>>> print(open('work-v9.csv').read())   # CSV, C-alpha atoms and all ligand atoms
chain,number,residue,atom,x,y,z
X,1,MET,CA,-7.2,25.0,1.5
X,2,ALA,CA,-5.5,27.1,4.2
X,3,LYS,CA,-2.0,28.3,3.5
X,4,TYR,CA,0.7,27.8,6.1
X,5,THR,CA,3.5,30.4,6.3
X,6,PHE,CA,6.5,29.2,4.4
X,7,SER,CA,9.9,29.6,5.8
X,8,GLN,CA,13.2,27.9,5.0
X,9,ASN,CA,13.0,25.9,8.2
X,10,PHE,CA,9.6,24.6,7.3
X,11,GLU,CA,7.9,26.2,10.3
X,12,GLY,CA,4.5,25.6,8.8
X,13,TRP,CA,5.3,21.9,8.4
X,14,ASP,CA,6.0,21.5,12.1
X,15,GLU,CA,2.7,23.1,12.9
X,16,PHE,CA,0.8,21.0,10.4
X,17,LYS,CA,2.4,17.7,11.3
X,18,ASN,CA,1.4,18.1,15.0
X,19,LEU,CA,-2.3,18.4,14.1
X,20,PRO,CA,-4.3,15.2,14.8
X,21,LEU,CA,-4.5,13.0,11.7
X,22,GLN,CA,-8.3,13.6,11.2
X,23,GLU,CA,-7.5,17.4,10.9
X,24,ARG,CA,-4.7,16.7,8.4
X,25,LEU,CA,-6.6,14.4,6.1
X,26,PRO,CA,-8.8,16.9,4.3
X,27,TYR,CA,-5.7,18.6,2.9
X,28,PHE,CA,-5.1,15.5,0.8
X,29,PHE,CA,-8.5,15.5,-0.9
X,30,ARG,CA,-9.7,17.8,-3.7
X,31,ARG,CA,-13.4,18.3,-4.5
X,32,ASP,CA,-14.2,15.2,-2.4
X,33,ARG,CA,-11.8,13.1,-4.4
X,34,ILE,CA,-8.6,11.5,-3.1
X,35,TYR,CA,-5.6,13.4,-4.4
X,36,ASP,CA,-2.6,12.4,-2.3
X,37,VAL,CA,-2.5,8.8,-1.1
X,38,LEU,CA,-0.6,8.7,2.1
X,39,PHE,CA,-2.3,6.7,4.8
X,40,SER,CA,-4.6,3.7,5.0
X,41,GLN,CA,-6.9,5.8,7.2
X,42,GLN,CA,-7.9,7.8,4.1
X,43,PHE,CA,-10.0,4.9,2.7
X,44,ASN,CA,-13.5,4.1,3.7
X,45,ARG,CA,-15.7,1.1,2.7
X,46,SER,CA,-17.4,3.0,-0.1
X,47,PHE,CA,-14.1,4.0,-1.5
X,48,LEU,CA,-12.8,0.5,-1.3
X,49,ASP,CA,-15.9,-1.1,-2.9
X,50,THR,CA,-15.7,1.4,-5.8
X,51,LEU,CA,-11.9,1.0,-6.2
X,52,TYR,CA,-12.2,-2.8,-6.3
X,53,ASP,CA,-15.0,-2.7,-8.8
X,54,LEU,CA,-12.8,-0.5,-11.0
X,55,THR,CA,-9.9,-2.8,-10.5
X,56,ASN,CA,-12.0,-5.7,-11.8
X,57,ARG,CA,-13.1,-3.7,-14.8
X,58,ILE,CA,-9.6,-2.6,-15.7
X,59,ARG,CA,-8.2,-6.1,-15.5
X,60,ARG,CA,-11.1,-7.5,-17.7
X,61,ILE,CA,-10.8,-4.6,-20.2
X,62,ALA,CA,-7.0,-5.3,-20.4
X,63,LYS,CA,-7.6,-8.9,-21.4
X,64,ILE,CA,-8.4,-7.9,-24.9
X,65,ARG,CA,-6.0,-6.1,-27.3
X,66,GLU,CA,-8.5,-3.3,-28.2
X,67,GLY,CA,-9.3,-2.8,-24.5
X,68,MET,CA,-5.6,-2.5,-23.5
X,69,LEU,CA,-5.0,0.0,-26.3
X,70,TRP,CA,-8.0,2.0,-25.2
X,71,LEU,CA,-6.8,2.1,-21.6
X,72,ALA,CA,-3.3,3.1,-22.8
X,73,ASP,CA,-4.8,6.1,-24.5
X,74,LEU,CA,-6.6,7.4,-21.4
X,75,HIS,CA,-3.6,9.2,-19.9
X,76,SER,CA,-1.2,9.3,-22.9
X,77,HIS,CA,-0.9,13.1,-22.3
X,78,ARG,CA,0.4,12.5,-18.7
X,79,ARG,CA,3.8,11.8,-17.1
X,80,ALA,CA,4.6,10.1,-13.8
X,81,MET,CA,7.7,10.1,-11.7
X,82,LEU,CA,8.7,7.1,-9.7
X,83,TYR,CA,11.0,8.3,-6.9
X,84,PHE,CA,12.1,5.1,-5.1
X,85,VAL,CA,15.1,5.8,-2.9
X,86,GLN,CA,14.6,2.7,-0.9
X,87,PRO,CA,14.9,-0.8,-2.4
X,88,SER,CA,11.8,-2.2,-4.1
X,89,THR,CA,11.0,-4.8,-6.7
X,90,ARG,CA,7.3,-5.4,-6.8
X,91,THR,CA,6.0,-2.1,-5.7
X,92,PHE,CA,8.2,-0.3,-8.2
X,93,LEU,CA,7.4,-2.7,-11.1
X,94,SER,CA,3.7,-2.8,-10.3
X,95,PHE,CA,3.4,1.0,-10.2
X,96,LEU,CA,5.5,1.3,-13.4
X,97,ASN,CA,3.3,-1.2,-15.2
X,98,ALA,CA,0.1,0.3,-13.8
X,99,CYS,CA,1.2,3.7,-15.2
X,100,HIS,CA,2.0,2.1,-18.6
X,101,ILE,CA,-1.4,0.3,-18.6
X,102,LEU,CA,-3.1,3.7,-18.3
X,103,GLY,CA,-0.8,5.3,-20.8
X,104,PHE,CA,1.4,7.5,-18.5
X,105,ARG,CA,5.0,8.1,-19.7
X,106,THR,CA,7.3,7.4,-16.8
X,107,SER,CA,10.7,8.5,-15.4
X,108,GLU,CA,12.4,7.3,-12.3
X,109,ILE,CA,15.0,7.9,-9.6
X,110,ARG,CA,16.0,4.9,-7.7
X,111,SER,CA,18.7,6.2,-5.4
X,112,MET,CA,19.7,9.5,-3.8
X,113,GLU,CA,23.2,8.7,-5.2
X,114,THR,CA,21.9,9.4,-8.7
X,115,SER,CA,19.9,12.5,-7.9
X,116,SER,CA,21.3,16.0,-7.3
X,117,GLU,CA,20.7,15.3,-3.6
X,118,ILE,CA,24.3,13.9,-3.7
X,119,LYS,CA,25.4,17.5,-4.5
X,120,GLY,CA,23.7,18.8,-1.4
X,121,GLU,CA,20.2,19.6,-2.8
X,122,SER,CA,17.6,19.1,-0.2
X,123,PRO,CA,15.0,16.3,-0.8
X,124,GLU,CA,12.3,19.0,-0.6
X,125,ASP,CA,13.9,21.0,-3.4
X,126,SER,CA,14.4,17.8,-5.4
X,127,ILE,CA,10.7,17.0,-5.1
X,128,ARG,CA,9.7,20.5,-6.2
X,129,THR,CA,11.9,19.9,-9.2
X,130,PHE,CA,10.1,16.7,-10.1
X,131,SER,CA,6.8,18.5,-10.0
X,132,SER,CA,8.0,20.8,-12.7
X,133,TYR,CA,8.2,17.9,-15.1
X,134,VAL,CA,5.5,15.4,-14.2
X,135,ASP,CA,1.8,15.0,-13.3
X,136,LEU,CA,2.2,12.4,-10.6
X,137,ILE,CA,4.9,11.4,-8.0
X,138,VAL,CA,5.0,7.9,-6.6
X,139,MET,CA,7.4,7.8,-3.7
X,140,ARG,CA,9.2,5.2,-1.6
X,141,HIS,CA,11.3,6.8,1.0
X,142,PRO,CA,13.1,5.5,4.2
X,143,GLN,CA,11.9,8.5,6.2
X,144,GLU,CA,8.5,8.1,7.9
X,145,GLY,CA,6.3,11.1,7.1
X,146,PHE,CA,8.4,12.2,4.1
X,147,ALA,CA,5.6,11.5,1.6
X,148,GLU,CA,3.1,13.5,3.7
X,149,LYS,CA,5.6,16.3,3.9
X,150,THR,CA,6.1,16.3,0.2
X,151,ALA,CA,2.4,16.4,-0.5
X,152,TRP,CA,1.9,19.2,2.0
X,153,LEU,CA,4.8,21.2,0.5
X,154,LEU,CA,3.4,20.8,-3.0
X,155,ASN,CA,-0.1,21.6,-2.0
X,156,CYS,CA,0.8,24.7,0.0
X,157,TYR,CA,3.6,26.3,-1.9
X,158,SER,CA,4.1,24.9,-5.4
X,159,ASP,CA,2.7,26.7,-8.4
X,160,ARG,CA,2.3,23.3,-9.9
X,161,PRO,CA,1.1,20.8,-7.3
X,162,VAL,CA,0.9,17.2,-8.4
X,163,PRO,CA,-0.6,14.2,-6.5
X,164,VAL,CA,1.8,12.2,-4.3
X,165,VAL,CA,1.4,8.5,-3.7
X,166,ASN,CA,3.1,6.8,-0.7
X,167,ALA,CA,4.7,3.6,-2.0
X,168,GLY,CA,6.2,2.8,1.5
X,169,SER,CA,7.4,5.2,4.1
X,170,GLY,CA,10.0,4.0,6.5
X,171,LYS,CA,8.6,1.6,9.2
X,172,ASP,CA,5.3,3.5,9.2
X,173,GLN,CA,2.9,2.8,6.3
X,174,HIS,CA,2.5,1.1,3.0
X,175,PRO,CA,-1.1,2.1,2.1
X,176,THR,CA,-1.2,0.7,-1.5
X,177,GLN,CA,0.1,-2.6,-0.3
X,178,ALA,CA,-2.9,-2.7,2.1
X,179,LEU,CA,-5.2,-1.9,-0.8
X,180,LEU,CA,-4.0,-4.9,-2.8
X,181,ASP,CA,-4.0,-7.1,0.3
X,182,VAL,CA,-7.6,-6.3,1.0
X,183,TYR,CA,-8.5,-6.7,-2.7
X,184,THR,CA,-6.9,-10.2,-2.5
X,185,LEU,CA,-8.8,-11.1,0.6
X,186,GLN,CA,-12.0,-9.9,-0.9
X,187,ARG,CA,-11.5,-12.1,-4.0
X,188,SER,CA,-10.5,-15.1,-1.9
X,189,PHE,CA,-13.6,-14.8,0.3
X,190,GLU,CA,-16.0,-13.8,-2.6
X,191,HIS,CA,-18.1,-17.0,-2.2
X,192,ARG,CA,-17.8,-17.1,1.6
X,193,GLY,CA,-19.5,-13.9,2.6
X,194,GLY,CA,-16.6,-11.6,1.9
X,195,ILE,CA,-14.1,-10.3,4.5
X,196,ASP,CA,-16.7,-9.5,7.1
X,197,GLY,CA,-16.5,-11.8,10.1
X,198,LYS,CA,-13.1,-13.4,9.1
X,199,VAL,CA,-10.2,-14.1,11.4
X,200,ILE,CA,-6.9,-12.6,10.0
X,201,ALA,CA,-3.6,-13.7,11.5
X,202,MET,CA,-0.6,-11.5,11.0
X,203,VAL,CA,2.7,-13.1,11.7
X,204,GLY,CA,6.4,-12.1,11.9
X,205,ASP,CA,8.0,-8.7,12.5
X,206,LEU,CA,4.9,-6.7,13.3
X,207,LYS,CA,6.7,-3.9,15.0
X,208,ARG,CA,8.8,-2.8,12.0
X,209,GLY,CA,6.6,-4.1,9.2
X,210,ARG,CA,4.7,-1.3,7.6
X,211,THR,CA,2.5,-3.7,5.6
X,212,VAL,CA,0.8,-5.1,8.7
X,213,ARG,CA,0.3,-1.7,10.1
X,214,SER,CA,-1.4,-0.4,7.0
X,215,LEU,CA,-3.5,-3.6,6.7
X,216,SER,CA,-4.6,-3.3,10.3
X,217,TYR,CA,-5.9,0.2,9.7
X,218,LEU,CA,-7.7,-0.8,6.6
X,219,LEU,CA,-9.5,-3.8,8.1
X,220,ARG,CA,-11.5,-1.3,10.2
X,221,ASN,CA,-13.7,-1.0,7.1
X,222,TYR,CA,-15.1,-4.6,7.5
X,223,GLN,CA,-17.6,-5.8,10.1
X,224,GLY,CA,-16.8,-8.5,12.7
X,225,VAL,CA,-13.1,-9.0,11.7
X,226,LYS,CA,-10.8,-10.3,14.3
X,227,ILE,CA,-7.0,-9.9,14.1
X,228,LEU,CA,-4.6,-12.4,15.6
X,229,TYR,CA,-1.0,-11.1,15.9
X,230,ALA,CA,1.7,-13.7,16.3
X,231,ALA,CA,5.3,-12.4,16.8
X,232,PRO,CA,8.3,-12.7,19.0
X,233,PRO,CA,7.6,-10.4,22.1
X,234,GLU,CA,10.1,-7.8,20.9
X,235,PHE,CA,8.4,-7.5,17.5
X,236,GLN,CA,4.8,-7.4,18.5
X,237,ILE,CA,2.4,-4.9,16.9
X,238,GLY,CA,2.8,-1.3,18.1
X,239,GLU,CA,0.8,0.4,20.8
X,240,ASP,CA,-0.5,2.9,18.4
X,241,ILE,CA,-2.2,0.2,16.3
X,242,LYS,CA,-3.6,-1.4,19.4
X,243,GLU,CA,-5.0,1.9,20.5
X,244,PHE,CA,-6.6,2.3,17.0
X,245,LEU,CA,-8.2,-1.1,17.2
X,246,GLY,CA,-9.4,-0.5,20.7
X,247,HIS,CA,-10.9,2.8,19.6
X,248,HIS,CA,-12.8,1.2,16.7
X,249,ALA,CA,-13.8,-1.9,18.9
X,250,ILE,CA,-11.9,-4.3,16.6
X,251,PRO,CA,-11.1,-7.5,18.6
X,252,PHE,CA,-7.5,-8.6,18.5
X,253,GLU,CA,-5.2,-11.0,20.3
X,254,GLU,CA,-1.5,-11.2,20.7
X,255,HIS,CA,0.3,-14.5,20.6
X,256,GLY,CA,3.9,-15.6,20.9
X,257,SER,CA,3.9,-18.4,18.3
X,258,LEU,CA,2.6,-19.2,14.8
X,259,GLU,CA,1.2,-22.5,16.1
X,260,ALA,CA,-1.2,-20.7,18.4
X,261,VAL,CA,-3.0,-18.9,15.5
X,262,LEU,CA,-2.9,-21.4,12.6
X,263,PRO,CA,-6.0,-23.4,13.5
X,264,TRP,CA,-8.2,-20.3,13.8
X,265,ALA,CA,-7.2,-18.1,10.9
X,266,ASP,CA,-9.1,-17.7,7.7
X,267,ALA,CA,-6.1,-15.8,6.3
X,268,VAL,CA,-2.5,-16.2,7.5
X,269,TYR,CA,-0.4,-13.1,6.5
X,270,LEU,CA,3.3,-13.8,7.0
X,271,THR,CA,6.0,-11.2,7.0
X,272,ARG,CA,9.7,-11.4,7.1
X,273,ILE,CA,11.9,-10.2,10.0
X,274,GLN,CA,13.0,-6.8,8.9
X,275,ASP,CA,16.6,-7.2,10.0
X,276,GLU,CA,17.8,-4.3,7.8
X,277,HIS,CA,16.7,-2.3,10.9
X,278,ASP,CA,18.5,-4.6,13.3
X,279,GLU,CA,20.8,-3.0,15.8
X,280,THR,CA,21.5,-6.1,17.8
X,281,GLY,CA,22.3,-8.3,14.9
X,282,ARG,CA,20.0,-11.2,15.9
X,283,SER,CA,20.0,-13.8,13.3
X,284,GLN,CA,16.9,-14.8,11.2
X,285,SER,CA,17.3,-18.4,12.4
X,286,GLU,CA,16.1,-17.4,15.9
X,287,TYR,CA,12.7,-16.7,14.5
X,288,SER,CA,12.3,-20.0,12.5
X,289,GLU,CA,9.2,-20.9,14.7
X,290,PHE,CA,7.4,-18.1,12.8
X,291,SER,CA,7.8,-20.0,9.5
X,292,LEU,CA,5.3,-22.0,7.5
X,293,ASP,CA,6.3,-25.4,6.0
X,294,PRO,CA,4.5,-28.5,4.9
X,295,ARG,CA,4.5,-29.9,8.5
X,296,ASN,CA,2.5,-27.1,10.1
X,297,LEU,CA,0.3,-26.5,7.0
X,298,SER,CA,-1.9,-29.3,8.2
X,299,ARG,CA,-2.8,-27.3,11.3
X,300,MET,CA,-4.5,-24.7,9.1
X,301,LYS,CA,-8.2,-24.6,8.0
X,302,SER,CA,-8.7,-26.3,4.7
X,303,ASP,CA,-10.2,-23.2,3.1
X,304,ALA,CA,-7.8,-20.6,4.7
X,305,VAL,CA,-5.5,-18.6,2.5
X,306,ILE,CA,-1.8,-17.9,2.9
X,307,MET,CA,-0.5,-14.4,2.1
X,308,HIS,CA,2.8,-12.6,2.2
X,309,PRO,CA,3.6,-9.1,0.9
X,310,LEU,CA,7.0,-10.5,-0.3
X,311,PRO,CA,9.9,-10.6,-0.6
X,312,ARG,CA,10.1,-13.7,1.5
X,313,ARG,CA,13.1,-15.4,3.0
X,314,GLY,CA,12.6,-18.3,5.4
X,315,GLU,CA,9.0,-17.5,6.4
X,316,ILE,CA,7.4,-19.7,3.8
X,317,ASP,CA,9.0,-22.9,2.6
X,318,VAL,CA,8.9,-23.1,-1.2
X,319,ALA,CA,7.2,-26.4,-0.9
X,320,VAL,CA,4.2,-24.4,0.4
X,321,ASP,CA,3.9,-22.7,-3.0
X,322,ARG,CA,2.2,-25.8,-4.4
X,323,ASP,CA,-0.6,-25.8,-1.7
X,324,PRO,CA,-3.8,-24.4,-3.2
X,325,ARG,CA,-4.2,-22.1,-0.1
X,326,ALA,CA,-1.0,-20.2,-1.1
X,327,ILE,CA,-2.1,-17.1,-2.9
X,328,TYR,CA,0.9,-14.8,-2.5
X,329,TRP,CA,1.9,-14.8,-6.2
X,330,ARG,CA,-1.6,-13.8,-7.1
X,331,GLN,CA,-1.5,-11.2,-4.4
X,332,GLU,CA,1.6,-9.8,-5.9
X,333,ARG,CA,0.0,-9.5,-9.4
X,334,ASN,CA,-3.1,-7.9,-7.9
X,335,GLY,CA,-0.9,-5.0,-6.9
X,336,MET,CA,-0.6,-3.9,-10.5
X,337,TRP,CA,-4.3,-3.8,-11.1
X,338,THR,CA,-5.3,-2.1,-7.8
X,339,ARG,CA,-2.6,0.5,-8.4
X,340,ALA,CA,-3.9,1.1,-11.9
X,341,ALA,CA,-7.4,1.6,-10.5
X,342,LEU,CA,-6.0,3.9,-7.8
X,343,ILE,CA,-4.2,6.1,-10.3
X,344,ALA,CA,-7.3,6.2,-12.6
X,345,THR,CA,-9.3,7.3,-9.5
X,346,ILE,CA,-6.9,10.1,-8.6
X,347,PHE,CA,-7.1,11.4,-12.2
X,348,GLY,CA,-10.8,11.2,-12.4
X,349,SER,CA,-10.9,8.6,-15.2
X,350,ASP,CA,-12.8,6.1,-13.1
X,351,ARG,CA,-16.1,7.2,-14.6
X,352,VAL,CA,-14.9,6.9,-18.2
X,353,VAL,CA,-13.6,3.4,-17.5
X,354,SER,CA,-16.9,2.4,-15.9
X,355,GLU,CA,-19.1,3.9,-18.6
X,356,GLU,CA,-17.1,3.7,-21.9
X,357,GLY,CA,-15.2,0.6,-20.9
X,358,GLU,CA,-18.4,-1.3,-20.7
X,359,ARG,CA,-18.4,-2.0,-24.4
X,360,PHE,CA,-15.2,-4.1,-24.0
X,361,LEU,CA,-16.6,-6.0,-21.1
X,362,ARG,CA,-19.6,-7.1,-23.3
X,363,SER,CA,-17.1,-8.9,-25.6
X,364,VAL,CA,-15.1,-10.6,-22.9
X,401,LIG,N1,5.7,-5.8,-0.9
X,401,LIG,C1,6.7,-4.9,-1.2
X,401,LIG,O1,6.6,-3.7,-0.9
X,401,LIG,O2,7.7,-5.4,-2.0
X,401,LIG,P1,8.9,-4.6,-2.6
X,401,LIG,O3,9.7,-4.1,-1.4
X,401,LIG,O4,9.7,-5.5,-3.5
X,401,LIG,O5,8.4,-3.4,-3.3
>>> encode(input="work-v9.csv", output="structure tokens", more="lines below")
Ligand code: CP
Amino acid sequence: MAKYTFSQNFEGWDEFKNLPLQERLPYFFRRDRIYDVLFSQQFNRSFLDTLYDLTNRIRRIAKIREGMLWLADLHSHRRAMLYFVQPSTRTFLSFLNACHILGFRTSEIRSMETSSEIKGESPEDSIRTFSSYVDLIVMRHPQEGFAEKTAWLLNCYSDRPVPVVNAGSGKDQHPTQALLDVYTLQRSFEHRGGIDGKVIAMVGDLKRGRTVRSLSYLLRNYQGVKILYAAPPEFQIGEDIKEFLGHHAIPFEEHGSLEAVLPWADAVYLTRIQDEHDETGRSQSEYSEFSLDPRNLSRMKSDAVIMHPLPRRGEIDVAVDRDPRAIYWRQERNGMWTRAALIATIFGSDRVVSEEGERFLRSV
């Protein structure tokens, strides 16, 4: 790995971050294994198939007490830090529990107010401090690119680099959400030819929603997928994503209503309006036509699935929860298992789970 010249003003970082993504990606792998998990573009089909096979193994091994205890011994010598300085419920809890399933001891910072950043320490110094104590940093941060900067900084300058996992970076990416979303899609379409050839509708605030951005990138790995984006015009999917899809010859359409996409979709992925970013103060009620309720459910295919990264507000009426096509609670739980598989992969214990874990699977 090349070394960039370190200086207090992070001159090396400015140079690095302006490189095209394809040139930056190799810095986040070690010996052909993923090390820092920062972008959905880091995952290829072979990686996904292997990760999801491992996810299935871990969840089956964990069904029995001896299997769960065996998993919890795998990394009992390791420590993880959850640095979540932006609100989170399920990503935080699923990572925390994924770490515990694999035996990691965990520590957490959930607000800059409770870290020494409040005393004026730079976030970069805080991160270097964490790496003095732990073997893994899982990070949610409001600033786009901060997880990448952290990984770069630790890789280039720290005497004790540790892997960094992006658990949501501003409005940019949420790669591990995309991993669990695609795992959920794969399980849903298991007996219908898999994800290949399916029509995926993404609905809501697509401009500021990092989950749909990461999911769009990840769907590149499946053949014949078509994406339908349904959003108010001011919240349509970004030009950078459209360019990416065009470059990879992935067909997509943009629509101005939910009604227009419902009859055609094999999966309807709803998202909330991210009004925490609102500068105009437009109310949620103005977007109620992008909500699913028992009335418009009948327009969907009988075997389609309804997904949502959660938290939801008005986008899905609670009455929809009873519909067998609603899989968002399962999707949420899948996050814990895919994240456990991801951490096991980063630490190279995927092989031991696959080989030695087999004995537990025989008894399930
Ligand atoms: N899906 C998701 O990222 O949820 P949280 O914000 O609760 O972590």
>>> residues_near_ligand(input="work-v9.csv", ligand="ligand LIG 401 (chain X)", cutoff="6 Å", atoms="all atoms listed in the file", output="PyMOL selection string")
chain X and resi 88-92+309-311
>>> atom_distance(input="work-v9.csv", atom1="CA of Val165 (chain X)", atom2="CA of Lys17 (chain X)")
17.6 Å
>>> closest_atom_pairs(input="work-v9.csv", of="region 125-144 of chain X", to="region 67-81 of chain X", cutoff="7 Å", atoms="all atoms listed in the file", output="CSV")
residue,atom,partner,partner_atom,distance
X:Val134,CA,X:Arg79,CA,4.9
X:Asp135,CA,X:Arg79,CA,5.4
X:Leu136,CA,X:Ala80,CA,4.6
X:Ile137,CA,X:Met81,CA,4.8
X:Val138,CA,X:Met81,CA,6.2
>>> write_last_selection(input="work-v9.csv", atoms="C-alpha atoms", output="compact mmCIF listing (two decimals), in the frame of the given file")
# COMPACT_ATOMS: atom_id res chain seq x y z
CA VAL X 134 5.50 15.40 -14.20
CA ASP X 135 1.80 15.00 -13.30
CA LEU X 136 2.20 12.40 -10.60
CA ILE X 137 4.90 11.40 -8.00
CA VAL X 138 5.00 7.90 -6.60
>>> residues_around(input="work-v9.csv", residues="Gln236 (chain X)", least_positions_apart="5", cutoff="7 Å", atoms="only C-alpha atoms", output="short mmCIF file (atom, residue, chain, number, x, y, z; two decimals) with C-alpha atoms, keeping the file's coordinate frame")
data_model
loop_
_atom_site.label_atom_id
_atom_site.label_comp_id
_atom_site.auth_asym_id
_atom_site.auth_seq_id
_atom_site.Cartn_x
_atom_site.Cartn_y
_atom_site.Cartn_z
CA ASP X 205 8.00 -8.70 12.50
CA LEU X 206 4.90 -6.70 13.30
CA LYS X 207 6.70 -3.90 15.00
CA ALA X 231 5.30 -12.40 16.80
#
>>> closest_residue(input="work-v9.csv", among="X:Gly238, X:Asp159, X:Ile101, X:Arg45", to="Arg65 (chain X)", atoms="only C-alpha atoms")
X:Ile101
>>> closest_residue(input="work-v9.csv", among="X:Tyr217, X:Leu82, X:Glu15, X:Ala147", to="Glu243 (chain X)", atoms="only C-alpha atoms")
X:Tyr217
>>> build_atoms(input="work-v9.csv", residues="region 171-177 of chain X", atoms="all heavy atoms", output="mmCIF file, in the coordinates of the input")
data_model
loop_
_atom_site.group_PDB
_atom_site.id
_atom_site.type_symbol
_atom_site.label_atom_id
_atom_site.label_comp_id
_atom_site.auth_asym_id
_atom_site.auth_seq_id
_atom_site.Cartn_x
_atom_site.Cartn_y
_atom_site.Cartn_z
ATOM 1 N N LYS X 171 9.236 2.761 8.457
ATOM 2 C CA LYS X 171 8.600 1.600 9.200
ATOM 3 C C LYS X 171 7.107 1.946 9.399
ATOM 4 O O LYS X 171 6.437 1.223 10.120
ATOM 5 C CB LYS X 171 9.277 1.413 10.519
ATOM 6 C CG LYS X 171 10.731 0.978 10.398
ATOM 7 C CD LYS X 171 11.291 0.521 11.737
ATOM 8 C CE LYS X 171 11.716 1.647 12.621
ATOM 9 N NZ LYS X 171 13.086 2.117 12.499
ATOM 10 N N ASP X 172 6.620 3.026 8.789
ATOM 11 C CA ASP X 172 5.300 3.500 9.200
ATOM 12 C C ASP X 172 4.143 2.915 8.383
ATOM 13 O O ASP X 172 3.342 2.177 8.930
ATOM 14 C CB ASP X 172 5.323 5.053 9.021
ATOM 15 C CG ASP X 172 4.029 5.682 9.438
ATOM 16 O OD1 ASP X 172 3.378 5.121 10.329
ATOM 17 O OD2 ASP X 172 3.663 6.725 8.870
ATOM 18 N N GLN X 173 4.076 3.213 7.076
ATOM 19 C CA GLN X 173 2.900 2.800 6.300
ATOM 20 C C GLN X 173 3.250 2.371 4.897
ATOM 21 O O GLN X 173 4.267 2.787 4.320
ATOM 22 C CB GLN X 173 1.907 3.973 6.219
ATOM 23 C CG GLN X 173 1.119 4.187 7.479
ATOM 24 C CD GLN X 173 -0.392 4.101 7.272
ATOM 25 O OE1 GLN X 173 -0.905 3.617 6.258
ATOM 26 N NE2 GLN X 173 -1.127 4.565 8.245
ATOM 27 N N HIS X 174 2.383 1.527 4.350
ATOM 28 C CA HIS X 174 2.500 1.100 3.000
ATOM 29 C C HIS X 174 1.017 0.963 2.470
ATOM 30 O O HIS X 174 0.508 -0.130 2.279
ATOM 31 C CB HIS X 174 3.197 -0.249 2.899
ATOM 32 C CG HIS X 174 3.726 -0.630 1.551
ATOM 33 N ND1 HIS X 174 3.351 -0.001 0.382
ATOM 34 C CD2 HIS X 174 4.600 -1.607 1.195
ATOM 35 C CE1 HIS X 174 3.981 -0.570 -0.635
ATOM 36 N NE2 HIS X 174 4.748 -1.541 -0.170
ATOM 37 N N PRO X 175 0.337 2.112 2.311
ATOM 38 C CA PRO X 175 -1.100 2.100 2.100
ATOM 39 C C PRO X 175 -1.541 1.329 0.827
ATOM 40 O O PRO X 175 -2.591 0.680 0.819
ATOM 41 C CB PRO X 175 -1.524 3.530 2.056
ATOM 42 C CG PRO X 175 -0.277 4.298 1.792
ATOM 43 C CD PRO X 175 0.838 3.502 2.363
ATOM 44 N N THR X 176 -0.743 1.420 -0.241
ATOM 45 C CA THR X 176 -1.200 0.700 -1.500
ATOM 46 C C THR X 176 -0.985 -0.763 -1.378
ATOM 47 O O THR X 176 -1.670 -1.526 -2.043
ATOM 48 C CB THR X 176 -0.528 1.327 -2.735
ATOM 49 O OG1 THR X 176 0.882 1.058 -2.693
ATOM 50 C CG2 THR X 176 -0.764 2.826 -2.858
ATOM 51 N N GLN X 177 -0.048 -1.210 -0.530
ATOM 52 C CA GLN X 177 0.100 -2.600 -0.300
ATOM 53 C C GLN X 177 -1.197 -3.122 0.447
ATOM 54 O O GLN X 177 -1.753 -4.172 0.113
ATOM 55 C CB GLN X 177 1.307 -2.932 0.594
ATOM 56 C CG GLN X 177 1.455 -4.383 1.006
ATOM 57 C CD GLN X 177 1.928 -5.300 -0.112
ATOM 58 O OE1 GLN X 177 2.812 -4.943 -0.872
ATOM 59 N NE2 GLN X 177 1.341 -6.491 -0.207
#
